[in-house]
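Notes follow the structure.
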Amino acid sequence: MNELKKYHEIPIGGTVITKDVVQPKTGGWRMGEKPMVNLDKCVNCLICWLDCPDTAVLAEGTDFFGFEYDYCKGCALCAEVCPTDAIVMVPDDQEVPEYGRMLNGGPHEN
Ligand code: SF4
Ligand code: SF4
């Protein structure tokens, strides 16, 4: 069996410098639906934030905040994993409050 190389013998690879990365606006690929949240049902578990493949779920500190639609492609994973059914998918052309935030059935802007 070949002997493993020492770390300093391995060729240097590429590095992605995150400050230089342009995040593609995947919201342009949305598939007909987008998420909206009923904040009165949200328990701030942040499972949706962890599972969103496009970092479109926003948090403020340790609290769930809402959705950044520029980066949301409407995959519905967030709604699927939400343990309290706080997230609902609505038609893409439906008017929703900024960041998709609803409270007690009405828009919640702050
Ligand atoms: S639908 Fe939810 S999980 Fe999917 S991209 Fe949008 S915010 Fe993220
Ligand atoms: S998964 Fe549901 S309950 Fe948890 S933070 Fe997201 S919206 Fe709130």
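Ligands are numbered from 1 in the order shown, residues from 1 within each chain, and chains are lettered A, B, ... in the order they appear in the structure tokens.
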
* **Long-range neighbours of stretch 73-90 of chain A as a ChimeraX atom specification, 8 Å cut-off, only C-alpha atoms, 2 positions minimum in chain** => /A:26-43,47-49,51-52,54,69,71,92,94

Please produce a file of those selected residues containing N, CA, C and O atoms, as an mmCIF file, in the first residue's frame.
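Produced file selection36.cif, reproduced below:
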```
data_model
loop_
_atom_site.group_PDB
_atom_site.id
_atom_site.type_symbol
_atom_site.label_atom_id
_atom_site.label_comp_id
_atom_site.auth_asym_id
_atom_site.auth_seq_id
_atom_site.Cartn_x
_atom_site.Cartn_y
_atom_site.Cartn_z
ATOM 1 N N THR A 26 -30.925 33.525 -6.872
ATOM 2 C CA THR A 26 -31.680 32.349 -7.291
ATOM 3 C C THR A 26 -33.188 32.579 -7.254
ATOM 4 O O THR A 26 -33.948 31.745 -7.741
ATOM 5 N N GLY A 27 -33.624 33.713 -6.676
ATOM 6 C CA GLY A 27 -35.050 34.026 -6.680
ATOM 7 C C GLY A 27 -35.599 34.121 -8.100
ATOM 8 O O GLY A 27 -36.789 33.920 -8.326
ATOM 9 N N GLY A 28 -34.733 34.414 -9.066
ATOM 10 C CA GLY A 28 -35.157 34.490 -10.462
ATOM 11 C C GLY A 28 -35.554 33.137 -11.038
ATOM 12 O O GLY A 28 -36.160 33.069 -12.101
ATOM 13 N N TRP A 29 -35.212 32.072 -10.343
ATOM 14 C CA TRP A 29 -35.560 30.723 -10.837
ATOM 15 C C TRP A 29 -36.780 30.173 -10.118
ATOM 16 O O TRP A 29 -37.091 29.001 -10.219
ATOM 17 N N ARG A 30 -37.484 31.002 -9.331
ATOM 18 C CA ARG A 30 -38.531 30.472 -8.456
ATOM 19 C C ARG A 30 -39.552 29.657 -9.241
ATOM 20 O O ARG A 30 -39.891 29.973 -10.371
ATOM 21 N N MET A 31 -40.064 28.613 -8.560
ATOM 22 C CA MET A 31 -40.845 27.589 -9.263
ATOM 23 C C MET A 31 -42.352 27.741 -9.075
ATOM 24 O O MET A 31 -43.062 26.765 -8.967
ATOM 25 N N GLY A 32 -42.839 28.986 -8.959
ATOM 26 C CA GLY A 32 -44.282 29.184 -8.923
ATOM 27 C C GLY A 32 -44.853 29.448 -7.544
ATOM 28 O O GLY A 32 -45.991 29.885 -7.413
ATOM 29 N N GLU A 33 -44.082 29.177 -6.500
ATOM 30 C CA GLU A 33 -44.561 29.437 -5.136
ATOM 31 C C GLU A 33 -43.454 30.083 -4.324
ATOM 32 O O GLU A 33 -42.276 29.964 -4.662
ATOM 33 N N LYS A 34 -43.868 30.763 -3.253
ATOM 34 C CA LYS A 34 -42.880 31.344 -2.337
ATOM 35 C C LYS A 34 -43.390 31.160 -0.901
ATOM 36 O O LYS A 34 -44.603 31.018 -0.677
ATOM 37 N N PRO A 35 -42.505 31.195 0.075
ATOM 38 C CA PRO A 35 -42.932 30.980 1.454
ATOM 39 C C PRO A 35 -43.395 32.274 2.106
ATOM 40 O O PRO A 35 -42.989 33.371 1.726
ATOM 41 N N MET A 36 -44.239 32.119 3.096
ATOM 42 C CA MET A 36 -44.695 33.231 3.927
ATOM 43 C C MET A 36 -44.782 32.667 5.340
ATOM 44 O O MET A 36 -45.019 31.473 5.511
ATOM 45 N N VAL A 37 -44.572 33.503 6.339
ATOM 46 C CA VAL A 37 -44.555 32.955 7.699
ATOM 47 C C VAL A 37 -45.651 33.589 8.561
ATOM 48 O O VAL A 37 -45.904 34.788 8.471
ATOM 49 N N ASN A 38 -46.295 32.758 9.354
ATOM 50 C CA ASN A 38 -47.208 33.257 10.386
ATOM 51 C C ASN A 38 -46.395 33.330 11.677
ATOM 52 O O ASN A 38 -46.156 32.315 12.335
ATOM 53 N N LEU A 39 -45.948 34.537 12.019
ATOM 54 C CA LEU A 39 -45.033 34.689 13.159
ATOM 55 C C LEU A 39 -45.656 34.247 14.473
ATOM 56 O O LEU A 39 -44.950 33.854 15.402
ATOM 57 N N ASP A 40 -46.994 34.303 14.549
ATOM 58 C CA ASP A 40 -47.633 33.867 15.801
ATOM 59 C C ASP A 40 -47.461 32.365 16.034
ATOM 60 O O ASP A 40 -47.636 31.892 17.155
ATOM 61 N N LYS A 41 -47.097 31.614 14.998
ATOM 62 C CA LYS A 41 -46.863 30.177 15.168
ATOM 63 C C LYS A 41 -45.379 29.838 15.283
ATOM 64 O O LYS A 41 -45.017 28.702 15.567
ATOM 65 N N CYS A 42 -44.507 30.799 15.005
ATOM 66 C CA CYS A 42 -43.066 30.523 14.955
ATOM 67 C C CYS A 42 -42.496 30.435 16.370
ATOM 68 O O CYS A 42 -42.759 31.287 17.208
ATOM 69 N N VAL A 43 -41.709 29.388 16.610
ATOM 70 C CA VAL A 43 -41.104 29.198 17.944
ATOM 71 C C VAL A 43 -39.581 29.413 17.897
ATOM 72 O O VAL A 43 -38.863 29.028 18.823
ATOM 73 N N ILE A 47 -34.874 25.839 12.381
ATOM 74 C CA ILE A 47 -34.660 24.667 11.523
ATOM 75 C C ILE A 47 -34.770 25.085 10.053
ATOM 76 O O ILE A 47 -34.004 24.622 9.203
ATOM 77 N N CYS A 48 -35.680 25.995 9.759
ATOM 78 C CA CYS A 48 -35.829 26.476 8.375
ATOM 79 C C CYS A 48 -34.549 27.178 7.925
ATOM 80 O O CYS A 48 -34.100 27.018 6.788
ATOM 81 N N TRP A 49 -33.950 27.940 8.797
ATOM 82 C CA TRP A 49 -32.712 28.668 8.484
ATOM 83 C C TRP A 49 -31.592 27.671 8.184
ATOM 84 O O TRP A 49 -30.818 27.845 7.251
ATOM 85 N N ASP A 51 -31.936 24.585 7.093
ATOM 86 C CA ASP A 51 -32.200 23.706 5.952
ATOM 87 C C ASP A 51 -32.319 24.425 4.608
ATOM 88 O O ASP A 51 -32.246 23.780 3.568
ATOM 89 N N CYS A 52 -32.518 25.726 4.625
ATOM 90 C CA CYS A 52 -32.686 26.429 3.342
ATOM 91 C C CYS A 52 -31.406 26.307 2.511
ATOM 92 O O CYS A 52 -30.336 26.713 2.948
ATOM 93 N N ASP A 54 -30.554 27.973 -0.014
ATOM 94 C CA ASP A 54 -30.148 29.215 -0.680
ATOM 95 C C ASP A 54 -29.927 30.374 0.279
ATOM 96 O O ASP A 54 -29.921 31.515 -0.149
ATOM 97 N N TYR A 69 -36.470 37.225 -0.613
ATOM 98 C CA TYR A 69 -37.013 36.616 -1.831
ATOM 99 C C TYR A 69 -36.048 36.654 -3.018
ATOM 100 O O TYR A 69 -36.194 35.866 -3.949
ATOM 101 N N TYR A 71 -33.259 35.534 -3.097
ATOM 102 C CA TYR A 71 -32.473 34.299 -3.089
ATOM 103 C C TYR A 71 -33.325 33.051 -2.879
ATOM 104 O O TYR A 71 -32.798 31.951 -2.775
ATOM 105 N N ASP A 92 -46.572 32.569 -6.338
ATOM 106 C CA ASP A 92 -45.507 33.548 -6.500
ATOM 107 C C ASP A 92 -46.027 34.954 -6.774
ATOM 108 O O ASP A 92 -45.419 35.950 -6.375
ATOM 109 N N GLN A 94 -48.737 36.267 -5.585
ATOM 110 C CA GLN A 94 -49.545 36.801 -4.476
ATOM 111 C C GLN A 94 -48.768 37.899 -3.757
ATOM 112 O O GLN A 94 -47.578 37.767 -3.499
#
```

* **A:Pro97 surroundings by only C-alpha atoms, 8 Å radius, close-in-sequence under 6 positions cut, as an MDAnalysis selection string** => chainID A and resid 107:109

* Tell me, in Å to one decimal, how far atom CA of A:Glu68 is from atom 7 (S, counted along the ligand's line) of ligand 2. => 13.5 Å

* Asked: Running DSSP on the backbone, which parts of chain A land in strand (DSSP E), as a PyMOL selection string?
  -> chain A and resi 33-38+57-60+63-67+87-91+101-103+106-107

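Our summary of the geometry notes that atom CA of A:Asp93 is positioned 27.1 Å from atom CA of A:Asn44.
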
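Take atom 8 (Fe, counted along the ligand's line) of ligand 1 and atom CA of A:Asn104: the distance between them is 22.8 Å.
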
* Residue among A:Cys72, A:Val96, A:Val22, A:Leu58 lying closest to ligand 2, counting only C-alpha atoms and all ligand atoms -> A:Leu58

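Of the listed residues (A:Gly100, A:Pro24, A:Gly105, A:Pro53), A:Pro53 comes nearest to ligand 1; the distances count only C-alpha atoms and all ligand atoms.
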
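With only C-alpha atoms as the basis for measurement, A:Asp70 is the residue among A:Asp63, A:Asn2, A:Ile12, A:Asp70 that approaches A:Lys25 most closely.
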
* as a ChimeraX atom specification, which residues of chain A does DSSP assign to helix (DSSP H, G or I)? -> /A:7-9,18-20,26-29,39-41,47-51,69-71,77-81,98-100

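Between ligand 2 and the residues A:Cys45, A:Val16, A:Ala59, A:Leu50, the shortest atom-to-atom distance, using only C-alpha atoms and all ligand atoms, involves A:Cys45.
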